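Participant: Sending over a structure as structure tokens; questions will come in a sec.
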Amino acid sequence: MRRGIWIALGVVAVLIVAGYVTLHSPAVDVWIYKRVANARMDKPIPTLAAPDELSALLCGTGSPMPNPDRAANCTLIAAGDKYYVVDAGQGSDKNFLTWRIDLSKVAGVFITHFHSDHIAELGELRLQTWVAGRKEPLKVYGPPGIEDVVNGFNLAYKHDAEHRVAHHGAKFLPPDAVPLVAVVVPLHDGKAATAFDQDGLRVTAIKVKHDPVVPAYGYRFDFKGHSIVVSGDTAPSENLMLASKGADVLIHEAQSAELVNVLHDALAAHGQSRTAQITHDILTYHTDPKDAAKIANEAHVKLLVFSHVIPVLGFSIAERAFMRGVSDVRPDGVKLGHDGMVITVKADGTIDTSDVN
Ligand SMILES: [Zn+2]
Ligand SMILES: [Zn+2]
């Protein structure tokens, strides 16, 4: 009997050693990697809008404050099968690649203003849309000054493009297609202007209030009877409210003054006076969530979505504090946006929200 136990223990020990050796062999490591890689690639490339739909993918809902959960500002508008990117903040490029967005469909870029959290990834967007198969230069629309920003990124990424053409070949990466092309959108009446009118899509630039950043724009997208407005960075703006009248969706920036004040006091108490001063200064040129809710009500939009969320939240109680009081102003039709949220205005006018993954 005792001999039998020893034999059984010996067999178990041999199996454990054999299993350990097998699981740590190079061949098994690569086999597991292959299985995981193929499983990930089995997931379909996301379709963001059907031919008669207008949708928005939130590719960055954060701000310049460091936040592992939210890239800096970015909104992708899908009008049928064409994509338009509004702002390209830090980390938005990684979101696109992680979610396997088909960047060859990007047909234009709209920049709201030139703060770094709205332009930082323009160079990567230039590169990634080209690598994905973009065949023509990419137009970048924005306020006067957009030429400087675009020329700067073209210059900064010039050698990168040359190296890639030399490596992969001009047939695969046509050099003529790579540049960004600036398109200045002047405001003829000082309040709004048509920035784009093509393929059934009309984009209206809207002057908003982000002083001393002048002009700063929001954009309204109208496609097949549906409409989505992206506020850009702004203090409460009557002009934005008027331009958002009757829109299906208003994606509005939002900053909780109460939570920013808490952050300011904590920074000051910990001797971080420079960052504390910045948190004090930003109070003047953003919009509290409750004020954004009032604007959405006055404009009679169907759905309000908060993006460009300030400050960093990071846990559910902070989100609750951020949203406190909003339901008193607007009981329904309001959501706190997050990276990966897709808001779709369907052909019949109903609005659906989902996640890209
Ligand atoms: Zn800004
Ligand atoms: Zn910003």
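A note on labels: chains of the structure tokens are A, B, ... as shown, every chain counts residues from 1, and ligands are counted from 1 in their shown order.
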Can you tell me which residues come within 8 Å of ligand 2 when counting only C-alpha atoms and all ligand atoms, ideally as a ChimeraX atom specification?
Facilitator: /A:63-64,72-73,115-118,232-233,308
Participant: What would the file look like if the residues just selected were written as an mmCIF file, in the first residue's frame with N, CA and C atoms?
Facilitator:
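Output file result_6.cif is given in full below:
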data_model
loop_
_atom_site.group_PDB
_atom_site.id
_atom_site.type_symbol
_atom_site.label_atom_id
_atom_site.label_comp_id
_atom_site.auth_asym_id
_atom_site.auth_seq_id
_atom_site.Cartn_x
_atom_site.Cartn_y
_atom_site.Cartn_z
ATOM 1 N N SER A 63 -8.307 65.537 -21.129
ATOM 2 C CA SER A 63 -7.795 66.902 -21.214
ATOM 3 C C SER A 63 -6.266 66.802 -21.111
ATOM 4 N N PRO A 64 -5.556 67.923 -20.969
ATOM 5 C CA PRO A 64 -4.096 67.794 -20.801
ATOM 6 C C PRO A 64 -3.690 67.094 -19.506
ATOM 7 N N ALA A 72 -6.388 62.540 -24.694
ATOM 8 C CA ALA A 72 -6.787 63.939 -24.845
ATOM 9 C C ALA A 72 -7.743 64.054 -26.032
ATOM 10 N N ASN A 73 -8.213 65.273 -26.264
ATOM 11 C CA ASN A 73 -9.448 65.430 -27.046
ATOM 12 C C ASN A 73 -9.388 64.910 -28.485
ATOM 13 N N HIS A 115 -4.508 74.587 -28.999
ATOM 14 C CA HIS A 115 -3.943 74.048 -27.757
ATOM 15 C C HIS A 115 -3.413 72.635 -28.026
ATOM 16 N N SER A 116 -2.337 72.297 -27.317
ATOM 17 C CA SER A 116 -1.630 71.050 -27.636
ATOM 18 C C SER A 116 -2.498 69.812 -27.463
ATOM 19 N N ASP A 117 -3.459 69.849 -26.530
ATOM 20 C CA ASP A 117 -4.287 68.654 -26.315
ATOM 21 C C ASP A 117 -5.277 68.439 -27.457
ATOM 22 N N HIS A 118 -5.207 69.281 -28.499
ATOM 23 C CA HIS A 118 -6.093 69.124 -29.664
ATOM 24 C C HIS A 118 -5.316 68.850 -30.951
ATOM 25 N N GLY A 232 -15.845 71.787 -29.180
ATOM 26 C CA GLY A 232 -14.501 72.337 -28.967
ATOM 27 C C GLY A 232 -14.399 72.817 -27.534
ATOM 28 N N ASP A 233 -13.351 73.569 -27.240
ATOM 29 C CA ASP A 233 -13.179 74.102 -25.876
ATOM 30 C C ASP A 233 -13.892 75.442 -25.789
ATOM 31 N N HIS A 308 -14.023 65.883 -23.207
ATOM 32 C CA HIS A 308 -13.031 66.834 -22.680
ATOM 33 C C HIS A 308 -13.283 67.030 -21.178
#
Participant: For A:Val150, find every residue with an atom within 8 Å (counting only C-alpha atoms), except residues of its own chain fewer than 2 positions away, and show them as an mmCIF file with C-alpha atoms, in the first residue's frame.
Facilitator:
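And here is the file that came out, result.cif:
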data_model
loop_
_atom_site.group_PDB
_atom_site.id
_atom_site.type_symbol
_atom_site.label_atom_id
_atom_site.label_comp_id
_atom_site.auth_asym_id
_atom_site.auth_seq_id
_atom_site.Cartn_x
_atom_site.Cartn_y
_atom_site.Cartn_z
ATOM 1 C CA VAL A 140 -6.926 69.785 -42.306
ATOM 2 C CA ILE A 146 -3.848 76.240 -39.199
ATOM 3 C CA GLU A 147 -1.236 76.707 -41.967
ATOM 4 C CA ASP A 148 1.513 77.091 -39.344
ATOM 5 C CA GLY A 152 5.111 72.322 -38.827
ATOM 6 C CA PHE A 153 3.869 68.721 -38.697
ATOM 7 C CA ASN A 154 4.670 68.188 -42.376
ATOM 8 C CA LEU A 180 -1.352 67.308 -44.732
ATOM 9 C CA VAL A 181 -2.923 70.297 -46.539
ATOM 10 C CA ALA A 182 -4.131 73.255 -44.480
#
Participant: If we count only C-alpha atoms, what is near A:Ser92 at a cut-off of 12 Å, once residues fewer than 5 positions away on the same chain are taken out, given as a CSV table (one decimal) with C-alpha atoms, in the first residue's frame?
Facilitator:
chain,number,residue,atom,x,y,z
A,57,LEU,CA,-16.7,57.7,-31.9
A,58,LEU,CA,-15.1,59.3,-28.9
A,59,CYS,CA,-11.4,58.8,-29.5
A,60,GLY,CA,-10.3,61.0,-26.7
A,61,THR,CA,-12.5,62.4,-23.8
A,62,GLY,CA,-9.8,63.7,-21.5
A,63,SER,CA,-7.8,66.9,-21.2
A,68,PRO,CA,-4.6,56.5,-18.3
A,69,ASP,CA,-8.4,56.1,-19.0
A,70,ARG,CA,-8.9,59.0,-21.3
A,71,ALA,CA,-6.8,60.2,-24.2
A,72,ALA,CA,-6.8,63.9,-24.8
A,73,ASN,CA,-9.4,65.4,-27.0
A,74,CYS,CA,-10.5,63.6,-30.2
A,75,THR,CA,-13.9,62.9,-31.9
A,76,LEU,CA,-14.3,60.8,-35.0
A,85,VAL,CA,-11.5,63.5,-37.2
A,86,VAL,CA,-12.2,66.5,-35.0
A,87,ASP,CA,-9.0,67.2,-33.0
A,97,LEU,CA,-4.9,51.4,-33.5
A,98,THR,CA,-6.1,49.5,-30.5
A,99,TRP,CA,-9.6,49.6,-31.8
A,101,ILE,CA,-10.3,51.7,-36.9
A,117,ASP,CA,-4.3,68.7,-26.3
A,118,HIS,CA,-6.1,69.1,-29.7
A,119,ILE,CA,-3.2,68.9,-32.1
A,120,ALA,CA,-0.5,66.7,-30.6
A,121,GLU,CA,-1.1,63.6,-32.7
A,122,LEU,CA,-1.6,65.3,-36.1
A,123,GLY,CA,1.7,63.9,-37.2
A,124,GLU,CA,0.7,60.4,-36.2
A,125,LEU,CA,-2.7,60.8,-37.9
A,128,GLN,CA,-1.2,56.2,-39.8
A,339,ASP,CA,-13.1,56.7,-24.7
A,340,GLY,CA,-14.6,54.1,-27.2
Participant: Skip A:Ile45 itself and residues of its chain fewer than 4 positions away, then list as number ranges by chain all residues within 10 Å of it, counting only C-alpha atoms.
Facilitator: A: 41, 99-102, 356-357
Participant: For the selection you just gave me, I'd like the residues written to a file as a JSON list (two decimals), in the first residue's frame, keeping C-alpha atoms.
Facilitator:
[["chain", "number", "residue", "atom", "x", "y", "z"],
["A", 41, "MET", "CA", -7.40, 39.50, -35.50],
["A", 99, "TRP", "CA", -9.65, 49.56, -31.76],
["A", 100, "ARG", "CA", -8.51, 48.70, -35.33],
["A", 101, "ILE", "CA", -10.29, 51.67, -36.88],
["A", 102, "ASP", "CA", -9.95, 51.68, -40.68],
["A", 356, "VAL", "CA", -16.44, 50.28, -30.22],
["A", 357, "ASN", "CA", -15.00, 47.08, -28.72]]
Participant: Near stretch 239-254 of chain A, counting only C-alpha atoms, which residues have an atom at most 7 Å away, once you skip same-chain residues fewer than 4 positions from it, shown as JSON, numbers by chain?
Facilitator: {"A": [191, 206, 207, 208, 226, 227, 228, 229, 230, 231, 232, 233, 286, 287, 288, 289, 292, 295, 298, 299, 300, 301, 302, 303, 304, 305, 306, 307, 308, 309, 310]}
Participant: Looking at only C-alpha atoms and all ligand atoms, which of A:Val203, A:Ile111, A:Val342, A:Val329 is the one that sits closest to ligand 1?
Facilitator: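 For ligand 1, the nearest of the candidates is A:Ile111.
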Participant: Which of these residues is nearest to ligand 1, using only C-alpha atoms and all ligand atoms: A:Pro137, A:Pro212, A:Gly333, A:Gly200?
Facilitator: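 Going through A:Pro137, A:Pro212, A:Gly333, A:Gly200 one by one, the smallest distance to ligand 1 is for A:Pro212.
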Participant: Using only C-alpha atoms and all ligand atoms, which residue out of A:Asp211, A:Asp355, A:Asp265, A:Asp332 lies closest to ligand 1?
Facilitator: A:Asp211
Participant: Would you mind listing what lies within 7 Å of stretch 312-327 of chain A as a PyMOL selection string, with only C-alpha atoms counted and same-chain residues fewer than 5 positions away left out?
Facilitator: chain A and resi 65+67+256+289-290+293
Participant: Atoms to include: N, CA and C atoms. Write the selected residues as a PDB file, in the first residue's frame.
Facilitator:
ATOM      1  N   MET A  65      -4.598  66.999 -18.531  1.00  0.00           N
ATOM      2  CA  MET A  65      -4.227  66.325 -17.276  1.00  0.00           C
ATOM      3  C   MET A  65      -3.978  64.839 -17.550  1.00  0.00           C
ATOM      4  N   ASN A  67      -4.080  61.039 -17.689  1.00  0.00           N
ATOM      5  CA  ASN A  67      -5.199  60.161 -17.348  1.00  0.00           C
ATOM      6  C   ASN A  67      -5.085  58.874 -18.161  1.00  0.00           C
ATOM      7  N   SER A 256     -15.871  70.390 -14.156  1.00  0.00           N
ATOM      8  CA  SER A 256     -16.522  70.641 -12.872  1.00  0.00           C
ATOM      9  C   SER A 256     -15.709  71.674 -12.094  1.00  0.00           C
ATOM     10  N   PRO A 289     -20.620  71.215 -16.138  1.00  0.00           N
ATOM     11  CA  PRO A 289     -21.617  70.289 -16.709  1.00  0.00           C
ATOM     12  C   PRO A 289     -23.052  70.809 -16.610  1.00  0.00           C
ATOM     13  N   LYS A 290     -23.390  71.470 -15.512  1.00  0.00           N
ATOM     14  CA  LYS A 290     -24.767  71.971 -15.362  1.00  0.00           C
ATOM     15  C   LYS A 290     -25.063  73.068 -16.386  1.00  0.00           C
ATOM     16  N   ALA A 293     -25.661  71.481 -19.683  1.00  0.00           N
ATOM     17  CA  ALA A 293     -27.019  70.918 -19.717  1.00  0.00           C
ATOM     18  C   ALA A 293     -28.042  72.004 -20.058  1.00  0.00           C
TER      19      ALA A 293
END
Participant: Excluding A:Thr344 and any residue of its chain fewer than 3 positions from it, enumerate the residues within 9 Å of it, using only C-alpha atoms, and give them as a list of chain:residue names.
Facilitator: A:Leu48, A:Ala49, A:Glu53, A:Leu54, A:Ser55, A:Ala56, A:Leu57, A:Ala78, A:Thr350, A:Ile351, A:Asp352, A:Thr353, A:Ser354
Participant: For the selection you just gave me, I'd like the residues written to a file as a PDB file, in the first residue's frame, keeping N, CA and C atoms.
Facilitator:
ATOM      1  N   LEU A  48     -18.501  51.875 -38.259  1.00  0.00           N
ATOM      2  CA  LEU A  48     -18.972  52.930 -37.350  1.00  0.00           C
ATOM      3  C   LEU A  48     -20.304  53.519 -37.767  1.00  0.00           C
ATOM      4  N   ALA A  49     -20.659  53.433 -39.051  1.00  0.00           N
ATOM      5  CA  ALA A  49     -21.960  53.950 -39.481  1.00  0.00           C
ATOM      6  C   ALA A  49     -22.399  53.224 -40.741  1.00  0.00           C
ATOM      7  N   GLU A  53     -26.374  56.625 -41.928  1.00  0.00           N
ATOM      8  CA  GLU A  53     -26.215  56.975 -40.510  1.00  0.00           C
ATOM      9  C   GLU A  53     -25.086  57.983 -40.312  1.00  0.00           C
ATOM     10  N   LEU A  54     -25.243  58.749 -39.239  1.00  0.00           N
ATOM     11  CA  LEU A  54     -24.196  59.671 -38.807  1.00  0.00           C
ATOM     12  C   LEU A  54     -23.819  59.256 -37.388  1.00  0.00           C
ATOM     13  N   SER A  55     -22.535  59.045 -37.148  1.00  0.00           N
ATOM     14  CA  SER A  55     -22.166  58.624 -35.799  1.00  0.00           C
ATOM     15  C   SER A  55     -20.901  59.331 -35.335  1.00  0.00           C
ATOM     16  N   ALA A  56     -20.679  59.264 -34.033  1.00  0.00           N
ATOM     17  CA  ALA A  56     -19.477  59.850 -33.437  1.00  0.00           C
ATOM     18  C   ALA A  56     -18.811  58.784 -32.578  1.00  0.00           C
ATOM     19  N   LEU A  57     -17.516  58.601 -32.796  1.00  0.00           N
ATOM     20  CA  LEU A  57     -16.706  57.738 -31.934  1.00  0.00           C
ATOM     21  C   LEU A  57     -15.850  58.655 -31.062  1.00  0.00           C
ATOM     22  N   ALA A  78     -18.364  59.686 -38.278  1.00  0.00           N
ATOM     23  CA  ALA A  78     -18.545  58.794 -39.429  1.00  0.00           C
ATOM     24  C   ALA A  78     -19.839  59.201 -40.129  1.00  0.00           C
ATOM     25  N   THR A 350     -33.504  57.686 -34.593  1.00  0.00           N
ATOM     26  CA  THR A 350     -33.259  57.266 -33.216  1.00  0.00           C
ATOM     27  C   THR A 350     -31.755  57.289 -32.932  1.00  0.00           C
ATOM     28  N   ILE A 351     -31.428  57.446 -31.657  1.00  0.00           N
ATOM     29  CA  ILE A 351     -30.009  57.554 -31.261  1.00  0.00           C
ATOM     30  C   ILE A 351     -29.643  56.366 -30.390  1.00  0.00           C
ATOM     31  N   ASP A 352     -28.519  55.773 -30.745  1.00  0.00           N
ATOM     32  CA  ASP A 352     -28.073  54.560 -30.072  1.00  0.00           C
ATOM     33  C   ASP A 352     -26.657  54.819 -29.524  1.00  0.00           C
ATOM     34  N   THR A 353     -26.348  54.335 -28.326  1.00  0.00           N
ATOM     35  CA  THR A 353     -24.956  54.418 -27.872  1.00  0.00           C
ATOM     36  C   THR A 353     -24.436  53.006 -27.620  1.00  0.00           C
ATOM     37  N   SER A 354     -23.163  52.814 -27.946  1.00  0.00           N
ATOM     38  CA  SER A 354     -22.541  51.491 -27.782  1.00  0.00           C
ATOM     39  C   SER A 354     -21.050  51.706 -27.559  1.00  0.00           C
TER      40      SER A 354
END
Participant: So which bits of stretch 138-278 of chain A end up strand (DSSP E) when you DSSP the backbone, as a PyMOL selection string?
Facilitator: chain A and resi 138-142+180-184+192-198+201-210+213-223+226-230+249-255
Participant: Export, as a PDB file, in the first residue's frame, the selected residues with C-alpha atoms.
Facilitator:
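This is the output file result_19.pdb:
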ATOM      1  CA  LEU A 138      -5.248  64.905 -46.193  1.00  0.00           C
ATOM      2  CA  LYS A 139      -7.028  68.248 -45.781  1.00  0.00           C
ATOM      3  CA  VAL A 140      -6.926  69.785 -42.306  1.00  0.00           C
ATOM      4  CA  TYR A 141      -9.530  72.505 -41.707  1.00  0.00           C
ATOM      5  CA  GLY A 142      -9.200  75.058 -38.952  1.00  0.00           C
ATOM      6  CA  LEU A 180      -1.352  67.308 -44.732  1.00  0.00           C
ATOM      7  CA  VAL A 181      -2.923  70.297 -46.539  1.00  0.00           C
ATOM      8  CA  ALA A 182      -4.131  73.255 -44.480  1.00  0.00           C
ATOM      9  CA  VAL A 183      -7.540  74.737 -45.287  1.00  0.00           C
ATOM     10  CA  VAL A 184      -8.205  78.014 -43.471  1.00  0.00           C
ATOM     11  CA  ALA A 192     -20.104  80.819 -38.253  1.00  0.00           C
ATOM     12  CA  ALA A 193     -19.081  79.636 -41.695  1.00  0.00           C
ATOM     13  CA  THR A 194     -19.501  76.621 -43.919  1.00  0.00           C
ATOM     14  CA  ALA A 195     -16.211  74.766 -43.653  1.00  0.00           C
ATOM     15  CA  PHE A 196     -17.043  71.800 -45.884  1.00  0.00           C
ATOM     16  CA  ASP A 197     -19.888  70.794 -48.209  1.00  0.00           C
ATOM     17  CA  GLN A 198     -19.305  67.560 -50.080  1.00  0.00           C
ATOM     18  CA  LEU A 201     -22.034  66.248 -45.603  1.00  0.00           C
ATOM     19  CA  ARG A 202     -22.078  69.893 -44.546  1.00  0.00           C
ATOM     20  CA  VAL A 203     -19.739  71.013 -41.794  1.00  0.00           C
ATOM     21  CA  THR A 204     -20.292  74.391 -40.153  1.00  0.00           C
ATOM     22  CA  ALA A 205     -17.552  76.075 -38.130  1.00  0.00           C
ATOM     23  CA  ILE A 206     -18.964  77.877 -35.083  1.00  0.00           C
ATOM     24  CA  LYS A 207     -17.144  80.572 -33.119  1.00  0.00           C
ATOM     25  CA  VAL A 208     -17.001  79.640 -29.430  1.00  0.00           C
ATOM     26  CA  LYS A 209     -15.634  81.348 -26.295  1.00  0.00           C
ATOM     27  CA  HIS A 210     -12.169  80.171 -25.312  1.00  0.00           C
ATOM     28  CA  VAL A 213      -7.705  81.658 -27.841  1.00  0.00           C
ATOM     29  CA  VAL A 214      -9.344  83.606 -30.679  1.00  0.00           C
ATOM     30  CA  PRO A 215     -10.909  82.342 -32.779  1.00  0.00           C
ATOM     31  CA  ALA A 216     -11.735  78.911 -31.360  1.00  0.00           C
ATOM     32  CA  TYR A 217     -14.268  76.777 -33.197  1.00  0.00           C
ATOM     33  CA  GLY A 218     -16.873  74.142 -32.600  1.00  0.00           C
ATOM     34  CA  TYR A 219     -18.188  72.179 -35.583  1.00  0.00           C
ATOM     35  CA  ARG A 220     -21.659  71.073 -36.605  1.00  0.00           C
ATOM     36  CA  PHE A 221     -21.964  68.063 -38.928  1.00  0.00           C
ATOM     37  CA  ASP A 222     -25.195  67.701 -40.973  1.00  0.00           C
ATOM     38  CA  PHE A 223     -25.663  64.530 -43.000  1.00  0.00           C
ATOM     39  CA  HIS A 226     -29.031  64.090 -38.997  1.00  0.00           C
ATOM     40  CA  SER A 227     -26.729  66.349 -37.027  1.00  0.00           C
ATOM     41  CA  ILE A 228     -23.957  66.144 -34.452  1.00  0.00           C
ATOM     42  CA  VAL A 229     -22.274  69.179 -32.887  1.00  0.00           C
ATOM     43  CA  VAL A 230     -18.795  69.082 -31.324  1.00  0.00           C
ATOM     44  CA  VAL A 249     -26.399  65.166 -30.531  1.00  0.00           C
ATOM     45  CA  LEU A 250     -24.305  67.805 -28.772  1.00  0.00           C
ATOM     46  CA  ILE A 251     -20.879  66.606 -27.653  1.00  0.00           C
ATOM     47  CA  HIS A 252     -19.919  69.315 -25.181  1.00  0.00           C
ATOM     48  CA  GLU A 253     -16.732  69.838 -23.211  1.00  0.00           C
ATOM     49  CA  ALA A 254     -17.253  69.835 -19.447  1.00  0.00           C
ATOM     50  CA  GLN A 255     -15.266  70.941 -16.434  1.00  0.00           C
TER      51      GLN A 255
END
Participant: Just asking: which residues within stretch 175-265 of chain A are helix (DSSP H, G or I) according to DSSP, as a PyMOL selection string?
Facilitator: chain A and resi 175-177+238-243+257-265
Participant: Those same residues, written as a PDB file, in the first residue's frame with N, CA and C atoms?
Facilitator:
ATOM      1  N   PRO A 175       4.548  58.705 -52.037  1.00  0.00           N
ATOM      2  CA  PRO A 175       4.977  59.938 -51.356  1.00  0.00           C
ATOM      3  C   PRO A 175       4.043  61.114 -51.605  1.00  0.00           C
ATOM      4  N   ASP A 176       3.403  61.150 -52.789  1.00  0.00           N
ATOM      5  CA  ASP A 176       2.508  62.279 -53.092  1.00  0.00           C
ATOM      6  C   ASP A 176       1.303  62.328 -52.153  1.00  0.00           C
ATOM      7  N   ALA A 177       0.951  61.195 -51.568  1.00  0.00           N
ATOM      8  CA  ALA A 177      -0.264  61.144 -50.749  1.00  0.00           C
ATOM      9  C   ALA A 177      -0.026  61.581 -49.313  1.00  0.00           C
ATOM     10  N   GLU A 238     -23.394  81.362 -26.164  1.00  0.00           N
ATOM     11  CA  GLU A 238     -24.717  81.510 -26.769  1.00  0.00           C
ATOM     12  C   GLU A 238     -24.652  81.208 -28.261  1.00  0.00           C
ATOM     13  N   ASN A 239     -23.528  81.572 -28.876  1.00  0.00           N
ATOM     14  CA  ASN A 239     -23.383  81.300 -30.311  1.00  0.00           C
ATOM     15  C   ASN A 239     -23.411  79.801 -30.593  1.00  0.00           C
ATOM     16  N   LEU A 240     -22.756  79.031 -29.723  1.00  0.00           N
ATOM     17  CA  LEU A 240     -22.780  77.572 -29.878  1.00  0.00           C
ATOM     18  C   LEU A 240     -24.203  77.047 -29.676  1.00  0.00           C
ATOM     19  N   MET A 241     -24.902  77.596 -28.670  1.00  0.00           N
ATOM     20  CA  MET A 241     -26.284  77.162 -28.410  1.00  0.00           C
ATOM     21  C   MET A 241     -27.149  77.409 -29.646  1.00  0.00           C
ATOM     22  N   LEU A 242     -27.029  78.605 -30.234  1.00  0.00           N
ATOM     23  CA  LEU A 242     -27.852  78.942 -31.405  1.00  0.00           C
ATOM     24  C   LEU A 242     -27.508  78.025 -32.580  1.00  0.00           C
ATOM     25  N   ALA A 243     -26.213  77.752 -32.761  1.00  0.00           N
ATOM     26  CA  ALA A 243     -25.799  76.909 -33.885  1.00  0.00           C
ATOM     27  C   ALA A 243     -26.147  75.437 -33.658  1.00  0.00           C
ATOM     28  N   ALA A 257     -16.269  72.866 -11.941  1.00  0.00           N
ATOM     29  CA  ALA A 257     -15.564  73.919 -11.202  1.00  0.00           C
ATOM     30  C   ALA A 257     -15.340  73.482  -9.754  1.00  0.00           C
ATOM     31  N   GLU A 258     -16.313  72.781  -9.184  1.00  0.00           N
ATOM     32  CA  GLU A 258     -16.195  72.346  -7.786  1.00  0.00           C
ATOM     33  C   GLU A 258     -14.994  71.394  -7.616  1.00  0.00           C
ATOM     34  N   LEU A 259     -14.873  70.422  -8.514  1.00  0.00           N
ATOM     35  CA  LEU A 259     -13.776  69.451  -8.383  1.00  0.00           C
ATOM     36  C   LEU A 259     -12.427  70.076  -8.744  1.00  0.00           C
ATOM     37  N   VAL A 260     -12.426  70.997  -9.693  1.00  0.00           N
ATOM     38  CA  VAL A 260     -11.164  71.679 -10.032  1.00  0.00           C
ATOM     39  C   VAL A 260     -10.692  72.515  -8.841  1.00  0.00           C
ATOM     40  N   ASN A 261     -11.618  73.128  -8.138  1.00  0.00           N
ATOM     41  CA  ASN A 261     -11.239  73.893  -6.943  1.00  0.00           C
ATOM     42  C   ASN A 261     -10.652  72.979  -5.861  1.00  0.00           C
ATOM     43  N   VAL A 262     -11.215  71.788  -5.717  1.00  0.00           N
ATOM     44  CA  VAL A 262     -10.673  70.811  -4.760  1.00  0.00           C
ATOM     45  C   VAL A 262      -9.238  70.456  -5.145  1.00  0.00           C
ATOM     46  N   LEU A 263      -9.047  70.224  -6.450  1.00  0.00           N
ATOM     47  CA  LEU A 263      -7.717  69.873  -6.956  1.00  0.00           C
ATOM     48  C   LEU A 263      -6.744  71.029  -6.732  1.00  0.00           C
ATOM     49  N   HIS A 264      -7.207  72.239  -6.994  1.00  0.00           N
ATOM     50  CA  HIS A 264      -6.369  73.428  -6.808  1.00  0.00           C
ATOM     51  C   HIS A 264      -5.881  73.515  -5.363  1.00  0.00           C
ATOM     52  N   ASP A 265      -6.801  73.343  -4.411  1.00  0.00           N
ATOM     53  CA  ASP A 265      -6.426  73.457  -2.998  1.00  0.00           C
ATOM     54  C   ASP A 265      -5.442  72.350  -2.603  1.00  0.00           C
TER      55      ASP A 265
END
Participant: Using only C-alpha atoms and all ligand atoms, can you tell me which of A:Ile77, A:Leu283, A:Val106, A:Ala132 comes closest to ligand 1?
Facilitator: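 Looking only at the distances to ligand 1, the closest residue turns out to be A:Leu283.
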Participant: Just the number, please: distance in Å from atom CA of A:Asp199 to atom CA of A:Tyr84, one decimal.
Facilitator: 12.4 Å
Participant: A:Gly89, A:Pro44, A:Gly349, A:Gly133: which is nearest ligand 1, counting only C-alpha atoms and all ligand atoms?
Facilitator: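 Among the listed residues, the smallest separation from ligand 1 belongs to A:Gly89.
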Participant: Between A:Leu127, A:Thr22, A:His113, A:Ile7, which one has atoms that come closest to ligand 1, using only C-alpha atoms and all ligand atoms?
Facilitator: A:His113
